[in-house]
>>> print(open('model-v3.cif').read())   # mmCIF, C-alpha atoms
data_structure
#
loop_
_atom_site.label_atom_id
_atom_site.label_comp_id
_atom_site.auth_asym_id
_atom_site.auth_seq_id
_atom_site.Cartn_x
_atom_site.Cartn_y
_atom_site.Cartn_z
CA MET A 1 -18.53 9.67 -40.09
CA LYS A 2 -19.53 10.54 -36.51
CA SER A 3 -18.08 8.71 -33.54
CA GLN A 4 -21.39 8.93 -31.71
CA ARG A 5 -24.44 8.06 -33.74
CA GLY A 6 -27.18 10.67 -33.52
CA ALA A 7 -25.04 13.56 -32.32
CA LEU A 8 -25.81 16.82 -34.11
CA ALA A 9 -23.06 19.13 -35.33
CA ALA A 10 -24.78 22.46 -34.85
CA HIS A 11 -22.06 24.58 -36.43
CA ALA A 12 -20.34 22.30 -38.95
CA ALA A 13 -18.49 24.27 -41.63
CA ILE A 14 -16.19 23.32 -44.52
CA GLU A 15 -13.27 25.45 -45.65
CA ALA A 16 -11.49 25.08 -48.98
CA PRO A 17 -7.74 25.88 -48.87
CA ALA A 18 -7.03 29.57 -49.38
CA ASP A 19 -4.31 28.77 -51.93
CA CYS A 20 -6.69 26.79 -54.18
CA ALA A 21 -8.54 29.42 -56.21
CA GLN A 22 -10.50 26.77 -58.14
CA CYS A 23 -11.68 24.93 -55.03
CA THR A 24 -15.30 25.70 -54.22
CA VAL A 25 -17.64 24.31 -51.58
CA LEU A 26 -20.94 23.34 -53.22
CA HIS A 27 -24.08 24.46 -51.43
CA GLY A 28 -27.64 23.21 -51.44
CA PRO A 29 -29.49 20.16 -50.07
CA PHE A 30 -28.00 17.82 -52.69
CA TYR A 31 -24.43 18.69 -51.74
CA GLU A 32 -24.27 19.27 -48.01
CA GLY A 33 -25.98 18.20 -44.82
CA GLN A 34 -25.87 15.75 -41.97
CA ASN A 35 -27.81 12.92 -40.43
CA ALA A 36 -27.35 10.64 -37.43
CA TRP A 37 -24.42 8.88 -39.10
CA GLU A 38 -22.48 11.53 -40.98
CA ILE A 39 -21.71 15.06 -42.05
CA PHE A 40 -21.49 15.19 -45.84
CA PHE A 41 -20.41 17.80 -48.36
CA TYR A 42 -19.07 18.18 -51.88
CA LEU A 43 -16.20 20.25 -53.26
CA SER A 44 -15.56 21.32 -56.82
CA VAL A 45 -11.80 20.95 -57.39
CA PRO A 46 -9.41 21.11 -60.38
CA THR A 47 -9.05 17.66 -61.92
CA SER A 48 -5.49 18.49 -62.96
CA GLU A 49 -4.41 17.93 -59.34
CA LYS A 50 -3.97 14.53 -57.72
CA THR A 51 -4.51 15.81 -54.18
CA ILE A 52 -5.90 18.96 -52.58
CA PRO A 53 -4.03 19.35 -49.27
CA GLY A 54 -5.31 21.02 -46.14
CA ILE A 55 -9.09 20.61 -46.32
CA GLN A 56 -10.53 21.74 -42.98
CA VAL A 57 -13.91 20.94 -41.47
CA GLN A 58 -15.21 22.56 -38.31
CA SER A 59 -17.12 19.65 -36.79
CA GLY A 60 -19.22 21.68 -34.37
CA GLY A 61 -17.85 19.79 -31.38
CA ILE A 62 -18.61 16.33 -32.79
CA ALA A 63 -15.91 13.64 -32.61
CA ILE A 64 -15.20 12.10 -36.01
CA ARG A 65 -14.20 8.45 -36.45
CA ALA A 66 -13.64 8.31 -40.23
CA VAL A 67 -13.35 10.48 -43.33
CA ILE A 68 -14.60 8.77 -46.49
CA VAL A 69 -14.04 9.95 -50.06
CA GLU A 70 -16.00 7.94 -52.61
CA LYS A 71 -15.67 4.52 -50.94
CA ASN A 72 -12.23 4.97 -49.38
CA SER A 73 -11.41 5.82 -45.77
CA ILE A 74 -8.55 8.34 -45.81
CA PRO A 75 -6.14 9.60 -43.09
CA PHE A 76 -7.25 12.64 -41.08
CA SER A 77 -6.47 14.46 -37.85
CA GLN A 78 -8.81 16.12 -35.38
CA HIS A 79 -7.81 18.80 -32.89
CA GLY A 80 -10.74 20.12 -30.94
CA ASN A 81 -13.41 21.18 -33.42
CA SER A 82 -11.08 21.12 -36.43
CA VAL A 83 -10.78 18.09 -38.71
CA GLU A 84 -8.08 18.26 -41.40
CA PHE A 85 -7.18 15.94 -44.28
CA ASP A 86 -5.68 15.88 -47.76
CA LEU A 87 -8.39 15.28 -50.36
CA PRO A 88 -7.58 12.79 -53.15
CA VAL A 89 -8.94 13.94 -56.50
CA ASP A 90 -10.96 11.13 -58.09
CA PRO A 91 -12.73 12.46 -61.21
CA ARG A 92 -15.87 10.59 -62.20
CA GLU A 93 -19.16 11.35 -63.89
CA ARG A 94 -21.19 10.79 -60.72
CA SER A 95 -19.96 10.55 -57.17
CA SER A 96 -20.68 7.29 -55.32
CA THR A 97 -19.95 8.68 -51.85
CA LEU A 98 -23.58 8.85 -50.72
CA GLU A 99 -24.80 5.82 -52.65
CA LEU A 100 -25.47 3.00 -50.18
CA GLN A 101 -25.66 0.13 -52.64
CA THR A 102 -24.05 -3.30 -52.79
CA ASN A 103 -23.63 -5.02 -56.15
CA LEU A 104 -23.72 -8.82 -56.27
CA GLU A 105 -22.51 -10.01 -59.66
CA TRP A 106 -22.79 -13.26 -61.56
CA PRO A 107 -22.24 -13.85 -65.31
CA GLY A 108 -25.10 -12.11 -67.09
CA LEU A 109 -26.78 -10.97 -63.87
CA THR A 110 -26.25 -8.18 -61.33
CA VAL A 111 -28.36 -7.77 -58.19
CA ARG A 112 -28.02 -4.30 -56.69
CA ILE A 113 -29.16 -3.90 -53.09
CA GLU A 114 -30.01 -0.37 -51.98
CA HIS A 115 -29.67 -0.41 -48.20
CA ALA A 116 -32.45 1.48 -46.46
CA TYR A 117 -30.97 3.27 -43.42
CA LYS A 118 -33.82 4.94 -41.61
CA ASP A 119 -31.36 7.40 -40.02
CA ARG A 120 -30.24 8.45 -43.50
CA ARG A 121 -33.69 8.97 -45.04
CA ALA A 122 -33.78 12.01 -47.32
CA GLY A 123 -35.51 13.54 -50.32
CA THR A 124 -39.10 12.36 -50.74
CA TYR A 125 -38.49 9.75 -48.04
CA ALA A 126 -37.36 12.31 -45.43
CA LYS A 127 -40.79 12.57 -43.85
CA GLY A 128 -43.98 10.60 -43.66
CA PRO A 129 -44.44 6.85 -43.24
CA TRP A 130 -41.27 4.81 -43.61
CA PRO A 131 -41.74 2.43 -46.62
CA ALA A 132 -40.81 -0.71 -44.67
CA THR A 133 -43.23 -3.00 -46.50
CA GLU A 134 -42.20 -1.72 -49.94
CA ARG A 135 -38.50 -1.98 -49.05
CA GLN A 136 -38.85 -5.59 -47.88
CA ALA A 137 -40.98 -6.47 -50.91
CA ALA A 138 -38.32 -5.03 -53.24
CA LEU A 139 -35.58 -7.00 -51.50
CA ASN A 140 -37.49 -10.28 -51.74
CA LEU A 141 -38.48 -9.64 -55.35
CA GLU A 142 -34.89 -9.01 -56.45
CA PHE A 143 -33.86 -12.47 -55.27
CA GLY A 144 -37.10 -14.07 -56.44
CA LEU A 145 -36.40 -12.67 -59.91
CA ARG A 146 -32.84 -13.97 -59.69
CA GLU A 147 -34.20 -17.48 -59.23
CA ALA A 148 -36.67 -17.05 -62.11
CA ILE A 149 -34.00 -15.71 -64.45
CA ARG A 150 -31.72 -18.62 -63.63
CA ALA A 151 -34.53 -21.13 -64.14
CA LEU A 152 -35.26 -19.64 -67.58
CA GLY A 153 -31.55 -19.57 -68.50
CA LEU A 154 -31.72 -15.86 -69.34
CA ASP A 155 -28.55 -14.92 -67.46
CA GLN A 156 -26.43 -17.46 -69.34
CA GLU A 157 -28.04 -16.49 -72.64
CA VAL A 158 -27.22 -12.79 -72.41
CA TYR A 159 -23.72 -13.51 -71.10
CA THR A 160 -22.66 -16.08 -73.69
CA GLN A 161 -24.17 -14.10 -76.57
CA GLY A 162 -22.62 -10.80 -75.46
CA LEU A 163 -25.98 -9.06 -75.07
CA GLY A 164 -25.15 -7.30 -71.81
CA THR A 165 -26.27 -7.98 -68.24
CA ILE A 166 -29.66 -8.27 -66.59
CA HIS A 167 -29.77 -5.79 -63.70
CA LEU A 168 -32.15 -6.24 -60.77
CA MET A 169 -32.48 -3.14 -58.59
CA GLY A 170 -34.65 -1.62 -55.91
CA PHE A 171 -34.94 2.01 -54.80
CA ASP A 172 -32.84 4.49 -52.80
CA THR A 173 -34.29 6.13 -49.69
CA ASN A 174 -31.37 8.49 -48.99
CA ASP A 175 -31.58 10.80 -52.06
CA PRO A 176 -27.94 10.55 -53.27
CA LEU A 177 -27.18 13.74 -55.24
CA GLY A 178 -30.87 14.48 -55.62
CA HIS A 179 -31.86 11.06 -56.94
CA GLU A 180 -35.44 11.07 -55.68
CA ASP A 181 -35.99 7.38 -56.31
CA SER A 182 -39.70 7.35 -55.63
CA PRO A 183 -42.38 6.07 -55.47
CA PRO A 184 -40.96 2.71 -54.31
CA HIS A 185 -40.22 0.33 -57.18
CA ILE A 186 -37.99 -2.39 -58.56
CA HIS A 187 -36.13 -2.59 -61.86
CA ILE A 188 -35.44 -5.50 -64.17
CA ILE A 189 -33.24 -4.06 -66.92
CA LEU A 190 -31.50 -5.75 -69.83
CA ARG A 191 -28.52 -3.41 -69.63
CA TRP A 192 -26.91 -3.21 -73.08
CA PRO A 193 -23.09 -3.48 -73.34
CA HIS A 194 -22.75 0.28 -73.79
CA PHE A 195 -25.56 1.36 -71.41
CA ALA A 196 -27.30 3.97 -73.60
CA GLY A 197 -30.48 2.66 -75.21
CA SER A 198 -31.28 0.11 -72.51
CA GLN A 199 -34.94 0.04 -71.52
CA ALA A 200 -35.43 0.65 -67.80
CA PRO A 201 -38.80 -0.51 -66.46
CA HIS A 202 -39.94 0.87 -63.08
CA LEU A 203 -42.29 -1.67 -61.48
CA TYR A 204 -44.07 0.25 -58.71
CA LEU A 205 -44.72 -1.21 -55.28
CA THR A 206 -47.80 -0.51 -53.19
CA SER A 207 -48.01 -0.13 -49.43
CA ALA A 208 -49.60 -3.62 -49.47
CA GLY A 209 -46.35 -5.05 -50.90
CA LEU A 210 -47.74 -5.78 -54.38
CA ILE A 211 -46.78 -4.48 -57.84
CA HIS A 212 -49.01 -2.06 -59.71
CA GLY A 213 -47.85 0.08 -62.62
CA ASP A 214 -44.87 -0.05 -64.97
CA VAL A 215 -43.21 3.03 -66.42
CA VAL A 216 -40.29 2.53 -68.81
CA THR A 217 -37.51 5.03 -69.49
CA VAL A 218 -34.48 4.61 -71.75
CA ASP A 219 -31.01 4.78 -70.21
CA GLY A 220 -28.82 7.61 -71.48
CA LEU A 221 -31.57 9.11 -73.66
CA PRO A 222 -33.62 11.38 -71.38
CA ASP A 223 -35.43 13.12 -74.27
CA ILE A 224 -37.25 9.91 -75.20
CA ALA A 225 -40.70 9.98 -73.63
CA LYS A 226 -41.58 7.59 -70.83
CA THR A 227 -43.77 4.63 -71.73
CA THR A 228 -46.57 3.60 -69.39
CA VAL A 229 -47.38 -0.10 -69.59
CA PRO A 230 -50.87 -1.00 -68.28
CA ASP A 231 -51.17 -3.85 -65.80
CA GLY A 232 -51.93 -7.10 -67.61
CA THR A 233 -49.86 -6.05 -70.65
CA ALA A 234 -46.61 -7.83 -71.54
CA PHE A 235 -43.56 -5.61 -72.03
CA PRO A 236 -40.70 -7.03 -74.15
CA ALA A 237 -37.05 -6.53 -73.17
CA MET A 238 -35.24 -5.93 -76.46
CA ASP A 239 -31.52 -6.52 -76.93
CA TYR A 240 -29.32 -4.10 -78.87
CA LEU A 241 -29.84 -6.19 -82.03
CA GLY A 242 -33.59 -5.62 -81.90
CA GLU A 243 -34.53 -9.11 -80.71
CA GLU A 244 -36.79 -9.87 -77.75
CA THR A 245 -34.92 -11.59 -74.92
CA TYR A 246 -37.77 -11.90 -72.42
CA GLN A 247 -40.97 -10.15 -71.48
CA THR A 248 -42.49 -9.13 -68.17
CA THR A 249 -46.13 -8.65 -67.21
CA VAL A 250 -47.40 -6.94 -64.09
CA GLU A 251 -50.57 -8.92 -63.51
CA ARG A 252 -53.76 -7.18 -62.42
CA ASP A 253 -53.59 -8.96 -59.06
CA GLY A 254 -50.21 -7.39 -58.31
CA THR A 255 -48.10 -10.46 -59.13
CA LEU A 256 -45.38 -10.72 -61.79
CA LEU A 257 -44.88 -12.94 -64.84
CA ILE A 258 -41.57 -13.27 -66.71
CA GLU A 259 -41.47 -15.24 -69.97
CA ARG A 260 -38.82 -16.42 -72.41
CA PRO A 261 -39.92 -16.44 -76.07
CA GLY A 262 -38.68 -18.68 -78.87
CA THR A 263 -39.24 -22.20 -80.11
CA LYS A 264 -39.25 -23.47 -76.50
CA PRO A 265 -41.09 -20.74 -74.60
CA ALA A 266 -41.13 -20.92 -70.82
CA ALA A 267 -42.45 -18.77 -68.01
CA CYS A 268 -42.06 -18.12 -64.29
CA HIS A 269 -44.77 -16.55 -62.16
CA LEU A 270 -43.87 -14.72 -58.94
CA TYR A 271 -46.46 -14.72 -56.14
CA PRO A 272 -46.36 -13.45 -52.55
CA THR A 273 -45.57 -16.29 -50.15
CA GLN A 274 -48.71 -17.18 -48.25
CA ARG A 275 -48.70 -16.46 -44.52
CA ALA A 276 -51.07 -17.62 -41.82
CA GLN A 277 -54.58 -16.23 -42.25
CA SER A 278 -54.23 -14.21 -39.06
CA ALA A 279 -51.03 -12.52 -40.30
CA PRO A 280 -51.24 -9.04 -41.85
CA LYS A 281 -51.36 -8.95 -45.63
CA ILE A 282 -48.00 -7.54 -46.75
CA GLY A 283 -47.69 -9.03 -50.24
CA PHE A 284 -44.18 -9.75 -51.45
CA ALA A 285 -42.76 -8.47 -48.15
CA ALA A 286 -43.74 -11.85 -46.71
CA GLY A 287 -41.55 -13.61 -49.28
CA VAL A 288 -41.69 -14.66 -52.92
CA THR A 289 -42.91 -17.96 -54.32
CA VAL A 290 -41.48 -18.64 -57.79
CA ARG A 291 -43.41 -21.11 -59.96
CA CYS A 292 -41.69 -21.95 -63.23
CA ASP A 293 -42.92 -24.25 -65.99
CA GLY A 294 -41.95 -27.85 -65.33
CA ALA A 295 -40.25 -27.13 -61.99
CA THR A 296 -41.07 -27.33 -58.31
CA ALA A 297 -42.03 -24.02 -56.71
CA VAL A 298 -39.22 -22.18 -54.91
CA HIS A 299 -39.71 -19.95 -51.85
CA VAL A 300 -37.42 -16.95 -51.42
CA HIS A 301 -36.95 -14.59 -48.48
CA ALA A 302 -34.19 -12.07 -47.68
CA LEU A 303 -33.23 -10.02 -44.64
CA ASP A 304 -30.98 -6.95 -44.70
CA ASN A 305 -29.54 -5.91 -41.33
CA THR A 306 -28.04 -2.47 -41.89
CA GLU A 307 -26.87 -2.25 -38.27
CA LEU A 308 -24.60 -5.26 -38.73
CA GLY A 309 -23.96 -4.80 -42.44
CA GLU A 310 -25.28 -8.27 -43.21
CA LEU A 311 -27.64 -9.49 -45.93
CA GLN A 312 -29.07 -13.02 -45.70
CA VAL A 313 -31.00 -14.82 -48.44
CA TRP A 314 -32.96 -18.04 -47.95
CA ILE A 315 -33.95 -20.29 -50.86
CA ASP A 316 -36.48 -22.80 -49.51
CA SER A 317 -35.09 -24.32 -46.29
CA ASN A 318 -31.46 -24.27 -47.41
CA ALA A 319 -28.77 -22.59 -45.31
CA PRO A 320 -28.84 -18.86 -46.03
CA GLU A 321 -26.51 -17.07 -48.37
CA VAL A 322 -24.66 -14.43 -46.33
CA TYR A 323 -23.28 -11.18 -47.77
CA ARG A 324 -21.43 -8.87 -45.40
CA TYR A 325 -20.80 -5.23 -46.28
CA SER A 326 -19.50 -2.03 -44.71
CA SER A 327 -22.25 -0.20 -42.84
CA ASP A 328 -20.52 3.08 -43.76
CA THR A 329 -20.10 2.60 -47.51
CA ALA A 330 -22.05 -0.57 -48.49
CA VAL A 331 -18.87 -2.02 -50.06
CA LEU A 332 -19.03 -5.82 -50.09
CA ILE A 333 -16.67 -7.43 -47.56
CA SER A 334 -17.44 -11.14 -47.90
CA SER A 335 -19.82 -13.56 -49.56
CA VAL A 336 -20.90 -17.09 -48.61
CA PRO A 337 -21.02 -18.80 -51.01
CA ALA A 338 -18.28 -16.88 -52.80
CA LEU A 339 -19.25 -14.86 -55.84
CA PRO A 340 -17.75 -16.25 -59.06
CA ALA A 341 -14.79 -14.76 -60.90
CA PHE A 342 -15.69 -14.21 -64.55
CA ALA A 343 -14.72 -12.09 -67.52
CA PRO A 344 -16.68 -8.84 -67.62
CA GLU A 345 -18.51 -7.83 -70.78
CA SER A 346 -15.69 -5.56 -71.94
CA GLU A 347 -13.13 -8.40 -71.82
CA LYS A 348 -15.09 -11.17 -73.50
#
>>> encode(input="model-v3.cif", output="structure tokens")
Amino acid sequence: MKSQRGALAAHAAIEAPADCAQCTVLHGPFYEGQNAWEIFFYLSVPTSEKTIPGIQVQSGGIAIRAVIVEKNSIPFSQHGNSVEFDLPVDPRERSSTLELQTNLEWPGLTVRIEHAYKDRRAGTYAKGPWPATERQAALNLEFGLREAIRALGLDQEVYTQGLGTIHLMGFDTNDPLGHEDSPPHIHIILRWPHFAGSQAPHLYLTSAGLIHGDVVTVDGLPDIAKTTVPDGTAFPAMDYLGEETYQTTVERDGTLLIERPGTKPAACHLYPTQRAQSAPKIGFAAGVTVRCDGATAVHVHALDNTELGELQVWIDSNAPEVYRYSSDTAVLISSVPALPAFAPESEK
């Protein structure tokens, strides 16, 4: 992490230790680069070791304030252009170092916030118009869906019955390890207890902040063809026992309907919050109005300040929920109100 935001390290170079024959610096746009915040790179190292000592980085004259591996800040020294540290070996299927996501977890429900740092834009978002409207619409929709899911009792149902967790997610704009998460979209996934087989709808967002288009993939099974769901068509979320838990419909007007089946069916409809007639039309980026059967409408709006590392969520006129996170790693620091402690799926 750079001490001075925006400084460019013109001659940054990474050197693997000469006495580590299996240590290799990975090259290519997925594995190395820099932006206004950071210089990043990946090493292939032997997993039999706990630590690889003596990693050296020539910083190109840039002062460094932190070295982060996965989500941990580790000790380092800098002498002139040379930065040196001992690299902890942390084997995992996919590195989280460049993922700028904060998970907020409740029983049966996870809301994942992908923080959109304009300075860190990459991949398909590296150039062209910044998707500010789509990003704000996704943020509002995640929390609007949270309220709808709670109103329908879906989170408690999947948790108590051991059916997994409903995941609400947006889209990455910083291309972590080549994850070109575009066009802009949101997810509402019934994530099965063992991941593979879960249906993963991609609800696409327009530049007007509305939803149009739904393409469904299957987690962990890439050879299964994608399913395109036409607007106005209900898509059922099936649990691992083959039963429908809920269904979603992208309406032709760009709004969203979520329904619970069964002997007592119920539904929630998500609409953009109406602004003054003179205000620009930005769809769900203006906020989300959630209308559920038999309940008073709820108005939801969220604001993510990546400079401060602070996410605020307003439900009607109540005091905002406040989630603070590290601007470097997106790791959650505090939550008001506090997130609940509960038994994860694997321990139930």
>>> resolve_selection(input="model-v3.cif", expression="the PyMOL selection byres ((chain A and resi 293-304) around 9)", output="ChimeraX atom specification")
/A:115-116,136,139-141,143-144,147,151,266-269,273,285-292,305-317,320
>>> closest_residue(input="model-v3.cif", among="A:Asp214, A:Phe342, A:Glu180, A:Asp223", to="Ala126 (chain A)", atoms="only C-alpha atoms")
A:Glu180
>>> closest_residue(input="model-v3.cif", among="A:Ser198, A:Ser334, A:Thr255, A:Asn72", to="Thr165 (chain A)", atoms="all atoms listed in the file")
A:Ser198
>>> closest_atom_pairs(input="model-v3.cif", of="region 77-160 of chain A", to="region 49-65 of chain A", cutoff="7 Å", atoms="only C-alpha atoms", output="Markdown table")
| residue | atom | partner | partner_atom | distance |
| --- | --- | --- | --- | --- |
| A:Asn81 | CA | A:Gly61 | CA | 5.1 |
| A:Ser82 | CA | A:Gln58 | CA | 4.8 |
| A:Val83 | CA | A:Val57 | CA | 5.1 |
| A:Glu84 | CA | A:Gln56 | CA | 4.5 |
| A:Phe85 | CA | A:Ile55 | CA | 5.4 |
| A:Asp86 | CA | A:Pro53 | CA | 4.1 |
| A:Leu87 | CA | A:Ile52 | CA | 5.0 |
| A:Pro88 | CA | A:Thr51 | CA | 4.4 |
| A:Val89 | CA | A:Lys50 | CA | 5.2 |
>>> residues_near_point(input="model-v3.cif", point="(-14.4, 17.7, -60.5)", cutoff="10 Å", atoms="all atoms listed in the file", output="PyMOL selection string")
chain A and resi 23+42-48+89-95
>>> axis_aligned_box(input="model-v3.cif", around="region 231-235 of chain A", padding_each_side="6 Å", output="lines of an AutoDock Vina configuration file")
center_x = -47.7
center_y = -5.8
center_z = -68.9
size_x = 20.4
size_y = 16.0
size_z = 18.2
>>> atom_distance(input="model-v3.cif", atom1="CA of Gly164 (chain A)", atom2="CA of Thr110 (chain A)")
10.6 Å
>>> resolve_selection(input="model-v3.cif", expression="the PyMOL selection byres ((chain A and resi 161) around 12)", output="JSON, numbers by chain")
{"A": [107, 108, 154, 155, 156, 157, 158, 159, 160, 162, 163, 164, 165, 192, 193, 239, 240, 241, 245, 345, 348]}
>>> atom_distance(input="model-v3.cif", atom1="CA of Gln247 (chain A)", atom2="CA of Thr102 (chain A)")
26.1 Å
>>> closest_residue(input="model-v3.cif", among="A:Thr227, A:Thr329, A:Gln101, A:Thr263", to="Val69 (chain A)", atoms="all atoms listed in the file")
A:Thr329
>>> atom_distance(input="model-v3.cif", atom1="CA of Ile166 (chain A)", atom2="CA of Phe30 (chain A)")
29.6 Å
>>> resolve_selection(input="model-v3.cif", expression="the PyMOL selection byres ((chain A and resi 66) around 8)", output="ChimeraX atom specification")
/A:1-2,64-65,67-68,73-74,76
>>> closest_residue(input="model-v3.cif", among="A:Lys264, A:His167, A:His212, A:Lys226", to="Val250 (chain A)", atoms="all atoms listed in the file")
A:His212
>>> closest_atom_pairs(input="model-v3.cif", of="region 83-156 of chain A", to="region 4-10 of chain A", cutoff="12 Å", atoms="all atoms listed in the file", output="CSV")
residue,atom,partner,partner_atom,distance
A:Lys118,CA,A:Gly6,CA,11.9
A:Asp119,CA,A:Gly6,CA,8.4
A:Arg120,CA,A:Gly6,CA,10.7
>>> closest_residue(input="model-v3.cif", among="A:Phe235, A:Phe284, A:Tyr323, A:Tyr125", to="Asp181 (chain A)", atoms="only C-alpha atoms")
A:Tyr125
>>> build_atoms(input="model-v3.cif", residues="region 218-243 of chain A", atoms="N, CA and C atoms", output="compact mmCIF listing (two decimals), keeping the file's coordinate frame")
# COMPACT_ATOMS: atom_id res chain seq x y z
N VAL A 218 -35.58 5.15 -70.97
CA VAL A 218 -34.48 4.61 -71.75
C VAL A 218 -33.18 5.20 -71.22
N ASP A 219 -32.26 4.34 -70.80
CA ASP A 219 -31.01 4.78 -70.21
C ASP A 219 -30.21 5.63 -71.19
N GLY A 220 -29.71 6.77 -70.69
CA GLY A 220 -28.82 7.61 -71.48
C GLY A 220 -29.52 8.46 -72.52
N LEU A 221 -30.83 8.35 -72.64
CA LEU A 221 -31.57 9.11 -73.66
C LEU A 221 -32.78 9.77 -72.99
N PRO A 222 -32.55 10.80 -72.19
CA PRO A 222 -33.62 11.38 -71.38
C PRO A 222 -34.71 12.07 -72.20
N ASP A 223 -34.43 12.42 -73.47
CA ASP A 223 -35.43 13.12 -74.27
C ASP A 223 -36.48 12.18 -74.86
N ILE A 224 -36.25 10.86 -74.75
CA ILE A 224 -37.25 9.91 -75.20
C ILE A 224 -38.34 9.82 -74.14
N ALA A 225 -39.59 9.95 -74.57
CA ALA A 225 -40.70 9.98 -73.63
C ALA A 225 -40.83 8.67 -72.87
N LYS A 226 -41.31 8.77 -71.63
CA LYS A 226 -41.58 7.59 -70.83
C LYS A 226 -42.74 6.81 -71.44
N THR A 227 -42.69 5.50 -71.27
CA THR A 227 -43.77 4.63 -71.73
C THR A 227 -44.47 4.04 -70.53
N THR A 228 -45.78 4.20 -70.45
CA THR A 228 -46.57 3.60 -69.39
C THR A 228 -47.17 2.30 -69.90
N VAL A 229 -46.90 1.22 -69.19
CA VAL A 229 -47.38 -0.10 -69.59
C VAL A 229 -48.53 -0.49 -68.66
N PRO A 230 -49.75 -0.65 -69.16
CA PRO A 230 -50.87 -1.00 -68.28
C PRO A 230 -50.69 -2.37 -67.64
N ASP A 231 -51.19 -2.53 -66.44
CA ASP A 231 -51.17 -3.85 -65.80
C ASP A 231 -51.89 -4.85 -66.70
N GLY A 232 -51.36 -6.06 -66.76
CA GLY A 232 -51.93 -7.10 -67.61
C GLY A 232 -51.38 -7.10 -69.01
N THR A 233 -50.45 -6.17 -69.32
CA THR A 233 -49.86 -6.05 -70.65
C THR A 233 -48.40 -6.47 -70.60
N ALA A 234 -48.00 -7.37 -71.50
CA ALA A 234 -46.61 -7.83 -71.54
C ALA A 234 -45.72 -6.74 -72.12
N PHE A 235 -44.54 -6.56 -71.51
CA PHE A 235 -43.56 -5.61 -72.03
C PHE A 235 -42.30 -6.38 -72.43
N PRO A 236 -41.87 -6.27 -73.70
CA PRO A 236 -40.70 -7.03 -74.15
C PRO A 236 -39.39 -6.31 -73.83
N ALA A 237 -38.41 -7.06 -73.35
CA ALA A 237 -37.05 -6.53 -73.17
C ALA A 237 -36.28 -6.83 -74.45
N MET A 238 -35.91 -5.77 -75.17
CA MET A 238 -35.24 -5.93 -76.46
C MET A 238 -33.73 -5.79 -76.29
N ASP A 239 -32.97 -6.66 -76.98
CA ASP A 239 -31.52 -6.52 -76.93
C ASP A 239 -31.09 -5.47 -77.96
N TYR A 240 -29.79 -5.18 -78.00
CA TYR A 240 -29.32 -4.10 -78.87
C TYR A 240 -29.36 -4.47 -80.35
N LEU A 241 -29.67 -5.75 -80.64
CA LEU A 241 -29.84 -6.19 -82.03
C LEU A 241 -31.30 -6.16 -82.47
N GLY A 242 -32.18 -5.74 -81.56
CA GLY A 242 -33.59 -5.62 -81.90
C GLY A 242 -34.39 -6.88 -81.68
N GLU A 243 -33.83 -7.86 -80.97
CA GLU A 243 -34.53 -9.11 -80.71
C GLU A 243 -35.06 -9.12 -79.27
